[in-house]
file work_37.cif (mmCIF, C-alpha atoms)
data_my_file
#
loop_
_atom_site.group_PDB
_atom_site.id
_atom_site.type_symbol
_atom_site.label_atom_id
_atom_site.label_comp_id
_atom_site.auth_asym_id
_atom_site.auth_seq_id
_atom_site.Cartn_x
_atom_site.Cartn_y
_atom_site.Cartn_z
ATOM 1 C CA MET X 1 44.686 0.970 -34.687
ATOM 2 C CA ASP X 2 42.219 3.838 -35.239
ATOM 3 C CA LYS X 3 38.577 3.170 -34.267
ATOM 4 C CA TYR X 4 35.596 4.637 -36.089
ATOM 5 C CA GLU X 5 31.884 4.202 -35.612
ATOM 6 C CA VAL X 6 31.406 3.717 -39.339
ATOM 7 C CA ILE X 7 33.744 3.258 -42.285
ATOM 8 C CA ILE X 8 32.392 3.953 -45.760
ATOM 9 C CA ILE X 9 34.242 2.314 -48.630
ATOM 10 C CA GLY X 10 33.765 4.248 -51.855
ATOM 11 C CA SER X 11 33.361 7.915 -52.762
ATOM 12 C CA GLY X 12 30.812 8.097 -55.551
ATOM 13 C CA PRO X 13 27.316 9.555 -55.066
ATOM 14 C CA ALA X 14 26.291 6.592 -52.870
ATOM 15 C CA GLY X 15 29.314 6.669 -50.573
ATOM 16 C CA LEU X 16 29.480 10.426 -50.144
ATOM 17 C CA THR X 17 25.748 10.719 -49.502
ATOM 18 C CA ALA X 18 26.053 8.019 -46.854
ATOM 19 C CA ALA X 19 28.982 9.916 -45.329
ATOM 20 C CA LEU X 20 26.997 13.142 -45.299
ATOM 21 C CA TYR X 21 24.252 11.511 -43.250
ATOM 22 C CA THR X 22 26.490 9.624 -40.827
ATOM 23 C CA ALA X 23 28.841 12.561 -40.210
ATOM 24 C CA ARG X 24 25.990 15.042 -39.853
ATOM 25 C CA GLY X 25 24.329 12.525 -37.541
ATOM 26 C CA GLY X 26 27.297 12.733 -35.200
ATOM 27 C CA LEU X 27 29.025 9.447 -36.027
ATOM 28 C CA LYS X 28 32.799 9.302 -36.224
ATOM 29 C CA THR X 29 33.044 8.610 -39.943
ATOM 30 C CA LEU X 30 35.937 7.528 -42.153
ATOM 31 C CA VAL X 31 35.597 7.424 -45.938
ATOM 32 C CA LEU X 32 38.093 5.274 -47.815
ATOM 33 C CA GLY X 33 37.544 6.982 -51.121
ATOM 34 C CA GLY X 34 39.961 5.102 -53.343
ATOM 35 C CA TYR X 35 42.990 6.524 -55.112
ATOM 36 C CA THR X 36 40.605 8.344 -57.442
ATOM 37 C CA TYR X 37 37.486 9.648 -55.745
ATOM 38 C CA GLY X 38 34.096 10.428 -57.232
ATOM 39 C CA GLY X 39 33.256 7.225 -59.096
ATOM 40 C CA GLN X 40 32.062 7.166 -62.695
ATOM 41 C CA LEU X 41 30.861 10.777 -62.619
ATOM 42 C CA MET X 42 34.481 11.926 -62.680
ATOM 43 C CA ASN X 43 34.561 10.744 -66.315
ATOM 44 C CA THR X 44 31.426 12.578 -67.428
ATOM 45 C CA THR X 45 30.841 16.090 -68.672
ATOM 46 C CA VAL X 46 27.510 17.807 -68.075
ATOM 47 C CA ILE X 47 24.885 16.033 -65.929
ATOM 48 C CA GLU X 48 21.373 17.227 -66.682
ATOM 49 C CA ASN X 49 19.279 14.743 -64.683
ATOM 50 C CA PHE X 50 20.500 15.370 -61.132
ATOM 51 C CA PRO X 51 17.797 17.430 -59.367
ATOM 52 C CA GLY X 52 18.513 21.007 -58.387
ATOM 53 C CA PHE X 53 20.772 22.051 -61.270
ATOM 54 C CA VAL X 54 18.614 23.831 -63.834
ATOM 55 C CA ASP X 55 21.424 24.217 -66.363
ATOM 56 C CA GLY X 56 23.148 20.950 -65.459
ATOM 57 C CA ILE X 57 26.464 20.473 -63.685
ATOM 58 C CA ASP X 58 29.746 18.860 -64.688
ATOM 59 C CA GLY X 59 30.298 15.481 -63.070
ATOM 60 C CA PRO X 60 33.644 16.353 -61.429
ATOM 61 C CA VAL X 61 32.180 19.608 -60.055
ATOM 62 C CA LEU X 62 29.238 17.754 -58.495
ATOM 63 C CA MET X 63 31.530 15.202 -56.860
ATOM 64 C CA ASP X 64 33.911 17.888 -55.604
ATOM 65 C CA ASN X 65 30.951 19.671 -54.022
ATOM 66 C CA MET X 66 29.825 16.438 -52.358
ATOM 67 C CA LEU X 67 33.333 15.811 -51.060
ATOM 68 C CA LYS X 68 33.598 19.274 -49.532
ATOM 69 C CA GLN X 69 30.165 18.879 -47.985
ATOM 70 C CA VAL X 70 31.014 15.644 -46.130
ATOM 71 C CA GLN X 71 34.311 17.147 -44.959
ATOM 72 C CA ARG X 72 32.445 20.187 -43.660
ATOM 73 C CA PHE X 73 30.510 17.906 -41.311
ATOM 74 C CA GLY X 74 33.646 16.248 -40.014
ATOM 75 C CA ALA X 75 34.042 13.066 -42.036
ATOM 76 C CA LEU X 76 37.662 12.070 -42.579
ATOM 77 C CA VAL X 77 38.368 11.138 -46.193
ATOM 78 C CA GLU X 78 41.444 9.148 -47.168
ATOM 79 C CA PHE X 79 42.170 8.553 -50.837
ATOM 80 C CA VAL X 80 43.245 4.934 -50.618
ATOM 81 C CA ASP X 81 41.679 1.607 -51.562
ATOM 82 C CA ALA X 82 40.338 -0.860 -49.026
ATOM 83 C CA THR X 83 42.013 -4.224 -49.484
ATOM 84 C CA ALA X 84 40.074 -6.394 -47.023
ATOM 85 C CA ILE X 85 37.366 -6.495 -44.358
ATOM 86 C CA GLU X 86 37.949 -8.867 -41.444
ATOM 87 C CA ILE X 87 35.740 -9.835 -38.516
ATOM 88 C CA GLU X 88 37.009 -9.070 -35.011
ATOM 89 C CA GLY X 89 34.458 -9.981 -32.374
ATOM 90 C CA ASP X 90 31.488 -7.631 -32.748
ATOM 91 C CA ASP X 91 33.585 -5.192 -34.766
ATOM 92 C CA TYR X 92 35.261 -5.163 -38.168
ATOM 93 C CA VAL X 93 38.798 -4.446 -39.279
ATOM 94 C CA VAL X 94 39.165 -2.671 -42.594
ATOM 95 C CA ARG X 95 42.593 -2.873 -44.170
ATOM 96 C CA THR X 96 44.298 -0.693 -46.772
ATOM 97 C CA HIS X 97 47.716 -1.270 -48.327
ATOM 98 C CA ASP X 98 49.530 0.081 -45.248
ATOM 99 C CA LYS X 99 46.968 0.698 -42.487
ATOM 100 C CA GLN X 100 44.113 -0.941 -40.652
ATOM 101 C CA TYR X 101 41.090 0.516 -38.885
ATOM 102 C CA THR X 102 38.478 -0.922 -36.543
ATOM 103 C CA THR X 103 34.833 0.014 -36.826
ATOM 104 C CA SER X 104 31.433 -0.961 -35.535
ATOM 105 C CA ALA X 105 29.804 -0.693 -38.969
ATOM 106 C CA VAL X 106 30.791 -0.681 -42.631
ATOM 107 C CA ILE X 107 28.988 0.745 -45.651
ATOM 108 C CA ILE X 108 30.174 -0.697 -48.965
ATOM 109 C CA ALA X 109 29.753 1.766 -51.843
ATOM 110 C CA THR X 110 32.512 0.751 -54.226
ATOM 111 C CA GLY X 111 30.343 0.783 -57.341
ATOM 112 C CA ALA X 112 30.781 -1.099 -60.587
ATOM 113 C CA THR X 113 33.069 -0.416 -63.502
ATOM 114 C CA PRO X 114 31.666 -0.495 -67.057
ATOM 115 C CA LYS X 115 33.443 -3.003 -69.224
ATOM 116 C CA ARG X 116 35.444 -1.437 -72.029
ATOM 117 C CA LEU X 117 36.359 -2.596 -75.495
ATOM 118 C CA ASN X 118 39.932 -1.375 -74.974
ATOM 119 C CA VAL X 119 40.241 -0.171 -78.540
ATOM 120 C CA PRO X 120 42.207 2.900 -79.664
ATOM 121 C CA GLY X 121 40.403 6.171 -79.022
ATOM 122 C CA GLU X 122 37.935 4.775 -76.491
ATOM 123 C CA ALA X 123 39.601 6.170 -73.380
ATOM 124 C CA GLU X 124 40.509 9.489 -74.990
ATOM 125 C CA LEU X 125 36.934 10.127 -76.150
ATOM 126 C CA TYR X 126 35.175 8.883 -73.017
ATOM 127 C CA GLY X 127 32.795 11.649 -71.999
ATOM 128 C CA ARG X 128 33.352 13.328 -75.358
ATOM 129 C CA GLY X 129 31.100 11.153 -77.461
ATOM 130 C CA VAL X 130 31.752 7.800 -75.823
ATOM 131 C CA SER X 131 29.384 6.908 -72.987
ATOM 132 C CA THR X 132 28.263 3.946 -70.888
ATOM 133 C CA CYS X 133 24.827 5.310 -69.970
ATOM 134 C CA ALA X 134 22.076 6.153 -72.455
ATOM 135 C CA THR X 135 19.741 7.339 -69.704
ATOM 136 C CA CYS X 136 22.400 9.770 -68.520
ATOM 137 C CA ASP X 137 23.587 11.101 -71.861
ATOM 138 C CA GLY X 138 20.945 10.242 -74.454
ATOM 139 C CA ALA X 139 19.333 13.684 -74.406
ATOM 140 C CA LEU X 140 22.615 15.163 -75.634
ATOM 141 C CA TYR X 141 22.086 13.418 -78.977
ATOM 142 C CA LYS X 142 18.741 14.761 -80.094
ATOM 143 C CA ASP X 143 18.338 14.167 -83.848
ATOM 144 C CA LYS X 144 21.894 12.769 -83.991
ATOM 145 C CA VAL X 145 23.293 9.441 -85.198
ATOM 146 C CA VAL X 146 24.556 7.104 -82.478
ATOM 147 C CA ALA X 147 25.706 3.527 -82.048
ATOM 148 C CA VAL X 148 25.355 0.987 -79.253
ATOM 149 C CA VAL X 149 27.690 -1.989 -78.961
ATOM 150 C CA GLY X 150 26.517 -5.146 -77.191
ATOM 151 C CA GLY X 151 24.205 -8.116 -77.489
ATOM 152 C CA GLY X 152 22.464 -8.547 -74.155
ATOM 153 C CA ASP X 153 19.328 -7.067 -72.630
ATOM 154 C CA SER X 154 21.232 -3.970 -71.511
ATOM 155 C CA ALA X 155 22.247 -3.219 -75.091
ATOM 156 C CA MET X 156 18.646 -3.676 -76.249
ATOM 157 C CA GLU X 157 17.421 -1.306 -73.525
ATOM 158 C CA GLU X 158 20.071 1.293 -74.340
ATOM 159 C CA ALA X 159 19.310 1.190 -78.069
ATOM 160 C CA THR X 160 15.553 1.437 -77.486
ATOM 161 C CA TYR X 161 15.953 4.335 -75.071
ATOM 162 C CA LEU X 162 18.155 6.236 -77.511
ATOM 163 C CA THR X 163 15.447 6.154 -80.184
ATOM 164 C CA HIS X 164 13.582 8.732 -78.085
ATOM 165 C CA HIS X 165 16.350 11.207 -78.855
ATOM 166 C CA ALA X 166 18.546 10.120 -81.762
ATOM 167 C CA SER X 167 17.451 10.100 -85.378
ATOM 168 C CA LYS X 168 19.299 6.822 -86.039
ATOM 169 C CA VAL X 169 20.697 4.085 -83.793
ATOM 170 C CA TYR X 170 23.145 1.454 -85.004
ATOM 171 C CA LEU X 171 23.250 -1.635 -82.794
ATOM 172 C CA ILE X 172 26.610 -3.299 -83.303
ATOM 173 C CA HIS X 173 27.107 -6.960 -82.387
ATOM 174 C CA ARG X 174 30.071 -9.161 -83.166
ATOM 175 C CA ARG X 175 27.962 -12.282 -83.700
ATOM 176 C CA ASP X 176 24.885 -13.151 -85.771
ATOM 177 C CA LYS X 177 22.601 -13.729 -82.794
ATOM 178 C CA PHE X 178 21.821 -11.764 -79.631
ATOM 179 C CA ARG X 179 22.085 -13.278 -76.171
ATOM 180 C CA ALA X 180 19.276 -10.959 -75.076
ATOM 181 C CA SER X 181 15.794 -12.220 -74.244
ATOM 182 C CA LYS X 182 13.507 -12.772 -77.233
ATOM 183 C CA ILE X 183 11.078 -10.026 -76.263
ATOM 184 C CA MET X 184 13.871 -7.449 -76.042
ATOM 185 C CA ALA X 185 15.521 -8.593 -79.263
ATOM 186 C CA ASP X 186 12.185 -8.510 -81.110
ATOM 187 C CA ARG X 187 11.511 -4.987 -79.878
ATOM 188 C CA VAL X 188 14.827 -3.821 -81.316
ATOM 189 C CA ALA X 189 14.332 -5.680 -84.592
ATOM 190 C CA ASN X 190 10.954 -4.020 -85.112
ATOM 191 C CA ASP X 191 12.052 -0.481 -84.316
ATOM 192 C CA PRO X 192 12.420 1.566 -87.535
ATOM 193 C CA LYS X 193 15.055 3.822 -85.979
ATOM 194 C CA ILE X 194 17.374 0.926 -85.100
ATOM 195 C CA GLU X 195 19.633 -0.760 -87.616
ATOM 196 C CA ILE X 196 21.282 -3.969 -86.411
ATOM 197 C CA VAL X 197 24.856 -4.390 -87.574
ATOM 198 C CA TRP X 198 25.626 -8.115 -87.309
ATOM 199 C CA ASN X 199 29.024 -9.865 -87.285
ATOM 200 C CA THR X 200 30.822 -6.598 -86.698
ATOM 201 C CA GLU X 201 33.616 -5.599 -84.335
ATOM 202 C CA VAL X 202 34.755 -2.146 -83.297
ATOM 203 C CA LYS X 203 38.416 -1.634 -84.108
ATOM 204 C CA GLU X 204 38.867 2.054 -83.287
ATOM 205 C CA ILE X 205 36.936 5.112 -82.164
ATOM 206 C CA VAL X 206 38.070 8.280 -83.883
ATOM 207 C CA GLY X 207 37.574 11.919 -83.029
ATOM 208 C CA LYS X 208 38.732 15.348 -84.051
ATOM 209 C CA GLU X 209 39.474 18.069 -81.494
ATOM 210 C CA ASN X 210 38.254 15.811 -78.665
ATOM 211 C CA LYS X 211 34.923 15.164 -80.379
ATOM 212 C CA LEU X 212 33.779 11.821 -81.776
ATOM 213 C CA SER X 213 33.634 11.660 -85.567
ATOM 214 C CA HIS X 214 33.383 7.970 -86.469
ATOM 215 C CA ALA X 215 34.071 4.367 -85.522
ATOM 216 C CA VAL X 216 36.229 1.990 -87.514
ATOM 217 C CA LEU X 217 34.263 -1.234 -87.907
ATOM 218 C CA PHE X 218 35.271 -4.694 -89.125
ATOM 219 C CA ASN X 219 32.757 -7.134 -90.580
ATOM 220 C CA ASN X 220 34.169 -10.518 -89.594
ATOM 221 C CA GLN X 221 32.089 -12.415 -92.174
ATOM 222 C CA GLU X 222 32.922 -10.237 -95.145
ATOM 223 C CA ASN X 223 36.471 -9.493 -93.926
ATOM 224 C CA ARG X 224 35.776 -5.819 -94.563
ATOM 225 C CA THR X 225 36.836 -2.713 -92.657
ATOM 226 C CA TYR X 226 34.967 0.575 -92.994
ATOM 227 C CA ASP X 227 34.283 3.884 -91.252
ATOM 228 C CA GLN X 228 30.893 4.615 -89.727
ATOM 229 C CA PRO X 229 30.225 8.332 -89.061
ATOM 230 C CA LEU X 230 28.709 8.838 -85.587
ATOM 231 C CA ASP X 231 27.821 11.578 -83.150
ATOM 232 C CA GLY X 232 27.649 9.270 -80.124
ATOM 233 C CA PHE X 233 28.925 5.821 -79.162
ATOM 234 C CA PHE X 234 27.460 3.835 -76.251
ATOM 235 C CA LEU X 235 29.104 0.843 -74.584
ATOM 236 C CA ALA X 236 26.629 -1.752 -73.304
ATOM 237 C CA ILE X 237 28.782 -4.819 -72.769
ATOM 238 C CA GLY X 238 28.305 -5.167 -69.025
ATOM 239 C CA HIS X 239 29.765 -4.018 -65.712
ATOM 240 C CA GLU X 240 32.244 -5.408 -63.206
ATOM 241 C CA PRO X 241 31.318 -4.827 -59.551
ATOM 242 C CA VAL X 242 34.221 -3.740 -57.338
ATOM 243 C CA THR X 243 33.991 -6.549 -54.807
ATOM 244 C CA ALA X 244 37.225 -8.544 -55.124
ATOM 245 C CA PHE X 245 38.555 -7.083 -51.858
ATOM 246 C CA LEU X 246 35.628 -8.535 -49.903
ATOM 247 C CA GLY X 247 36.797 -12.119 -50.158
ATOM 248 C CA GLY X 248 34.298 -14.274 -48.299
ATOM 249 C CA THR X 249 33.291 -11.675 -45.709
ATOM 250 C CA ILE X 250 29.767 -11.284 -47.085
ATOM 251 C CA LYS X 251 27.633 -13.118 -49.597
ATOM 252 C CA LEU X 252 27.929 -12.150 -53.261
ATOM 253 C CA THR X 253 25.730 -13.008 -56.230
ATOM 254 C CA ASP X 254 26.924 -15.315 -58.989
ATOM 255 C CA LYS X 255 27.903 -12.187 -60.957
ATOM 256 C CA GLY X 256 29.986 -10.811 -58.097
ATOM 257 C CA TYR X 257 27.596 -8.116 -56.871
ATOM 258 C CA VAL X 258 26.847 -7.739 -53.165
ATOM 259 C CA ASP X 259 23.845 -9.932 -52.388
ATOM 260 C CA SER X 260 21.146 -7.842 -50.715
ATOM 261 C CA ALA X 261 17.415 -8.531 -50.641
ATOM 262 C CA ASP X 262 16.499 -4.908 -49.931
ATOM 263 C CA GLY X 263 19.471 -3.143 -51.506
ATOM 264 C CA ILE X 264 20.833 -2.067 -48.107
ATOM 265 C CA HIS X 265 21.423 -5.008 -45.746
ATOM 266 C CA THR X 266 24.036 -7.667 -46.459
ATOM 267 C CA SER X 267 24.515 -11.182 -45.121
ATOM 268 C CA ARG X 268 26.377 -9.828 -42.061
ATOM 269 C CA PRO X 269 24.943 -7.518 -39.388
ATOM 270 C CA GLY X 270 26.737 -4.186 -39.323
ATOM 271 C CA ILE X 271 27.792 -4.332 -42.972
ATOM 272 C CA PHE X 272 25.545 -2.344 -45.289
ATOM 273 C CA VAL X 273 25.649 -1.653 -49.023
ATOM 274 C CA CYS X 274 24.499 1.043 -51.438
ATOM 275 C CA GLY X 275 24.878 2.053 -55.059
ATOM 276 C CA ASP X 276 25.994 0.206 -58.158
ATOM 277 C CA VAL X 277 27.960 -2.426 -56.252
ATOM 278 C CA GLN X 278 24.583 -4.104 -55.690
ATOM 279 C CA ASP X 279 22.272 -2.289 -58.143
ATOM 280 C CA GLN X 280 22.177 -3.906 -61.580
ATOM 281 C CA VAL X 281 19.009 -2.123 -62.711
ATOM 282 C CA TYR X 282 19.058 1.653 -62.365
ATOM 283 C CA ARG X 283 22.723 2.729 -62.197
ATOM 284 C CA GLN X 284 21.891 6.427 -61.805
ATOM 285 C CA ALA X 285 23.649 9.018 -59.673
ATOM 286 C CA ILE X 286 20.372 10.001 -58.025
ATOM 287 C CA THR X 287 19.349 6.423 -57.184
ATOM 288 C CA ALA X 288 22.839 5.735 -55.835
ATOM 289 C CA ALA X 289 22.588 8.841 -53.652
ATOM 290 C CA GLY X 290 19.189 7.728 -52.391
ATOM 291 C CA MET X 291 20.579 4.306 -51.530
ATOM 292 C CA GLY X 292 23.449 5.994 -49.710
ATOM 293 C CA CYS X 293 20.933 7.886 -47.594
ATOM 294 C CA ARG X 294 19.058 4.678 -46.765
ATOM 295 C CA ALA X 295 22.255 2.806 -45.884
ATOM 296 C CA ALA X 296 23.358 5.619 -43.566
ATOM 297 C CA LEU X 297 20.013 5.761 -41.770
ATOM 298 C CA GLU X 298 20.029 1.983 -41.312
ATOM 299 C CA THR X 299 23.596 2.194 -39.986
ATOM 300 C CA ILE X 300 22.612 4.861 -37.463
ATOM 301 C CA LYS X 301 19.682 2.717 -36.326
ATOM 302 C CA TYR X 302 21.911 -0.374 -36.064
ATOM 303 C CA LEU X 303 24.459 1.438 -33.892
ATOM 304 C CA GLU X 304 21.756 2.871 -31.658
ATOM 305 C CA MET X 305 20.291 -0.611 -31.112
ATOM 306 C CA LYS X 306 23.769 -2.009 -30.472
ATOM 307 C CA GLU X 307 24.292 0.521 -27.691
ATOM 308 C CA VAL X 308 20.946 -0.352 -26.120
ATOM 309 C CA VAL X 309 21.767 -4.057 -26.105
#

call {"tool": "encode", "arguments": {"input": "work_37.cif", "output": "structure tokens"}}
result
Amino acid sequence: MDKYEVIIIGSGPAGLTAALYTARGGLKTLVLGGYTYGGQLMNTTVIENFPGFVDGIDGPVLMDNMLKQVQRFGALVEFVDATAIEIEGDDYVVRTHDKQYTTSAVIIATGATPKRLNVPGEAELYGRGVSTCATCDGALYKDKVVAVVGGGDSAMEEATYLTHHASKVYLIHRRDKFRASKIMADRVANDPKIEIVWNTEVKEIVGKENKLSHAVLFNNQENRTYDQPLDGFFLAIGHEPVTAFLGGTIKLTDKGYVDSADGIHTSRPGIFVCGDVQDQVYRQAITAAGMGCRAALETIKYLEMKEVV
């Protein structure tokens, strides 16, 4: 069984930043990057809000650069999924589908997956008009017409944010009442740029030449189907944290996120966390990278103290 000083699970901005710091800090580092590395940024086009890129950078290019950077400093990256973390004395055993590794410390950076509607056209147009992050992509729709689907606080926040860029925002909800807090719902209802579309379901997202053109909507009270022309379509129906493989190794929140009071430490010493797998607020590449840095520095400190003891 191979032994590493730290194993990082996940290869998005959080995981690869953590790997950069641990590998450059001289720790024997293994990254279990998943069968598809790079996280959600692999499904985006141009990123304009990551510092240092004046003209923006494509998501896959940024993640490929990060990957090469951690490999330059000696981190081993394997493109497999972790299936379990087990306790073995003062160490941990991390399992994949066909291997197992021992380590003194683990950094969990598996992220969260945006929930999808799973309607025709959604996957094909993701990153080409369909998005899960208004903060990331809203500026691309200046003076354009967009829609947000959802009924919780996140949907209210996304719709409100988009009014700073778009000329018109449709907020589509399948029921006649939001589950969002009253203050957020009232803010949306009073915004002249937002039109609430009640009792309506999205049946299809349609594009031409890989560019969004409209959504096919169904009013479930009027039993009516119609096309709504759109330039952008934002999903705000929640996220699923990638934590199923953890079992009962560490404490999770009631929503399945890693429970961490400071966003770095978990309920077990030697297991740290960073990125969207515990962050339900910001969900930005730059904040995930910052958390990865913090988790790595705390890991280095933990291992140094362990050696002293």

call {"tool": "closest_residue", "arguments": {"input": "work_37.cif", "among": "X:Phe53, X:Ala105, X:Ser11, X:Ala84", "to": "Leu67 of chain X", "atoms": "all atoms listed in the file"}}
result
X:Ser11

call {"tool": "resolve_selection", "arguments": {"input": "work_37.cif", "expression": "the PyMOL selection byres ((chain X and resi 200-204) around 6)", "output": "list in words"}}
result
Val119, Pro120, His173, Arg174, Trp198, Asn199, Ile205, Ala215, Val216, Leu217, Phe218, Asn219 and Asn220 of chain X

call {"tool": "resolve_selection", "arguments": {"input": "work_37.cif", "expression": "the PyMOL selection byres ((chain X and resi 254-257) around 6)", "output": "MDAnalysis selection string"}}
result
chainID X and resid 241 252:253 258 277:278

call {"tool": "residues_around", "arguments": {"input": "work_37.cif", "residues": "Asn43 of chain X", "least_positions_apart": "3", "cutoff": "12 Å", "atoms": "only C-alpha atoms", "output": "PDB file with C-alpha atoms, keeping the file's coordinate frame"}}
result
ATOM      1  CA  GLY X  12      30.812   8.097 -55.551  1.00  0.00           C
ATOM      2  CA  THR X  36      40.605   8.344 -57.442  1.00  0.00           C
ATOM      3  CA  TYR X  37      37.486   9.648 -55.745  1.00  0.00           C
ATOM      4  CA  GLY X  38      34.096  10.428 -57.232  1.00  0.00           C
ATOM      5  CA  GLY X  39      33.256   7.225 -59.096  1.00  0.00           C
ATOM      6  CA  GLN X  40      32.062   7.166 -62.695  1.00  0.00           C
ATOM      7  CA  VAL X  46      27.510  17.807 -68.075  1.00  0.00           C
ATOM      8  CA  ILE X  47      24.885  16.033 -65.929  1.00  0.00           C
ATOM      9  CA  ASP X  58      29.746  18.860 -64.688  1.00  0.00           C
ATOM     10  CA  GLY X  59      30.298  15.481 -63.070  1.00  0.00           C
ATOM     11  CA  PRO X  60      33.644  16.353 -61.429  1.00  0.00           C
ATOM     12  CA  VAL X  61      32.180  19.608 -60.055  1.00  0.00           C
ATOM     13  CA  LEU X  62      29.238  17.754 -58.495  1.00  0.00           C
ATOM     14  CA  MET X  63      31.530  15.202 -56.860  1.00  0.00           C
ATOM     15  CA  THR X 113      33.069  -0.416 -63.502  1.00  0.00           C
ATOM     16  CA  PRO X 114      31.666  -0.495 -67.057  1.00  0.00           C
ATOM     17  CA  ALA X 123      39.601   6.170 -73.380  1.00  0.00           C
ATOM     18  CA  GLU X 124      40.509   9.489 -74.990  1.00  0.00           C
ATOM     19  CA  LEU X 125      36.934  10.127 -76.150  1.00  0.00           C
ATOM     20  CA  TYR X 126      35.175   8.883 -73.017  1.00  0.00           C
ATOM     21  CA  GLY X 127      32.795  11.649 -71.999  1.00  0.00           C
ATOM     22  CA  ARG X 128      33.352  13.328 -75.358  1.00  0.00           C
ATOM     23  CA  GLY X 129      31.100  11.153 -77.461  1.00  0.00           C
ATOM     24  CA  VAL X 130      31.752   7.800 -75.823  1.00  0.00           C
ATOM     25  CA  SER X 131      29.384   6.908 -72.987  1.00  0.00           C
ATOM     26  CA  THR X 132      28.263   3.946 -70.888  1.00  0.00           C
ATOM     27  CA  CYS X 133      24.827   5.310 -69.970  1.00  0.00           C
TER      28      CYS X 133
END

call {"tool": "closest_residue", "arguments": {"input": "work_37.cif", "among": "X:Arg24, X:Lys251, X:Lys142, X:Arg175", "to": "Phe73 of chain X", "atoms": "all atoms listed in the file"}}
result
X:Arg24

call {"tool": "build_atoms", "arguments": {"input": "work_37.cif", "residues": "segment 278-293 of chain X", "atoms": "N, CA and C atoms", "output": "PDB file, in the frame of the given file"}}
result
ATOM      1  N   GLN X 278      25.653  -3.116 -55.806  1.00  0.00           N
ATOM      2  CA  GLN X 278      24.583  -4.104 -55.690  1.00  0.00           C
ATOM      3  C   GLN X 278      23.430  -3.845 -56.665  1.00  0.00           C
ATOM      4  N   ASP X 279      23.370  -2.663 -57.258  1.00  0.00           N
ATOM      5  CA  ASP X 279      22.272  -2.289 -58.143  1.00  0.00           C
ATOM      6  C   ASP X 279      22.632  -2.595 -59.594  1.00  0.00           C
ATOM      7  N   GLN X 280      21.938  -3.559 -60.181  1.00  0.00           N
ATOM      8  CA  GLN X 280      22.177  -3.906 -61.580  1.00  0.00           C
ATOM      9  C   GLN X 280      21.082  -3.375 -62.496  1.00  0.00           C
ATOM     10  N   VAL X 281      20.180  -2.563 -61.948  1.00  0.00           N
ATOM     11  CA  VAL X 281      19.009  -2.123 -62.711  1.00  0.00           C
ATOM     12  C   VAL X 281      19.089  -0.654 -63.090  1.00  0.00           C
ATOM     13  N   TYR X 282      19.217   0.223 -62.113  1.00  0.00           N
ATOM     14  CA  TYR X 282      19.058   1.653 -62.365  1.00  0.00           C
ATOM     15  C   TYR X 282      20.364   2.356 -62.729  1.00  0.00           C
ATOM     16  N   ARG X 283      21.399   2.168 -61.906  1.00  0.00           N
ATOM     17  CA  ARG X 283      22.723   2.729 -62.197  1.00  0.00           C
ATOM     18  C   ARG X 283      22.699   4.232 -62.458  1.00  0.00           C
ATOM     19  N   GLN X 284      21.963   4.975 -61.663  1.00  0.00           N
ATOM     20  CA  GLN X 284      21.891   6.427 -61.805  1.00  0.00           C
ATOM     21  C   GLN X 284      22.515   7.099 -60.594  1.00  0.00           C
ATOM     22  N   ALA X 285      23.055   8.284 -60.792  1.00  0.00           N
ATOM     23  CA  ALA X 285      23.649   9.018 -59.673  1.00  0.00           C
ATOM     24  C   ALA X 285      22.607   9.292 -58.594  1.00  0.00           C
ATOM     25  N   ILE X 286      21.392   9.647 -58.998  1.00  0.00           N
ATOM     26  CA  ILE X 286      20.372  10.001 -58.025  1.00  0.00           C
ATOM     27  C   ILE X 286      19.882   8.786 -57.261  1.00  0.00           C
ATOM     28  N   THR X 287      19.762   7.621 -57.916  1.00  0.00           N
ATOM     29  CA  THR X 287      19.349   6.423 -57.184  1.00  0.00           C
ATOM     30  C   THR X 287      20.464   5.956 -56.259  1.00  0.00           C
ATOM     31  N   ALA X 288      21.714   6.089 -56.700  1.00  0.00           N
ATOM     32  CA  ALA X 288      22.839   5.735 -55.835  1.00  0.00           C
ATOM     33  C   ALA X 288      22.861   6.619 -54.593  1.00  0.00           C
ATOM     34  N   ALA X 289      22.615   7.924 -54.788  1.00  0.00           N
ATOM     35  CA  ALA X 289      22.588   8.841 -53.652  1.00  0.00           C
ATOM     36  C   ALA X 289      21.458   8.473 -52.693  1.00  0.00           C
ATOM     37  N   GLY X 290      20.301   8.138 -53.240  1.00  0.00           N
ATOM     38  CA  GLY X 290      19.189   7.728 -52.391  1.00  0.00           C
ATOM     39  C   GLY X 290      19.508   6.480 -51.597  1.00  0.00           C
ATOM     40  N   MET X 291      20.176   5.519 -52.234  1.00  0.00           N
ATOM     41  CA  MET X 291      20.579   4.306 -51.530  1.00  0.00           C
ATOM     42  C   MET X 291      21.604   4.615 -50.441  1.00  0.00           C
ATOM     43  N   GLY X 292      22.477   5.587 -50.718  1.00  0.00           N
ATOM     44  CA  GLY X 292      23.449   5.994 -49.710  1.00  0.00           C
ATOM     45  C   GLY X 292      22.770   6.558 -48.478  1.00  0.00           C
ATOM     46  N   CYS X 293      21.726   7.350 -48.700  1.00  0.00           N
ATOM     47  CA  CYS X 293      20.933   7.886 -47.594  1.00  0.00           C
ATOM     48  C   CYS X 293      20.319   6.756 -46.785  1.00  0.00           C
TER      49      CYS X 293
END
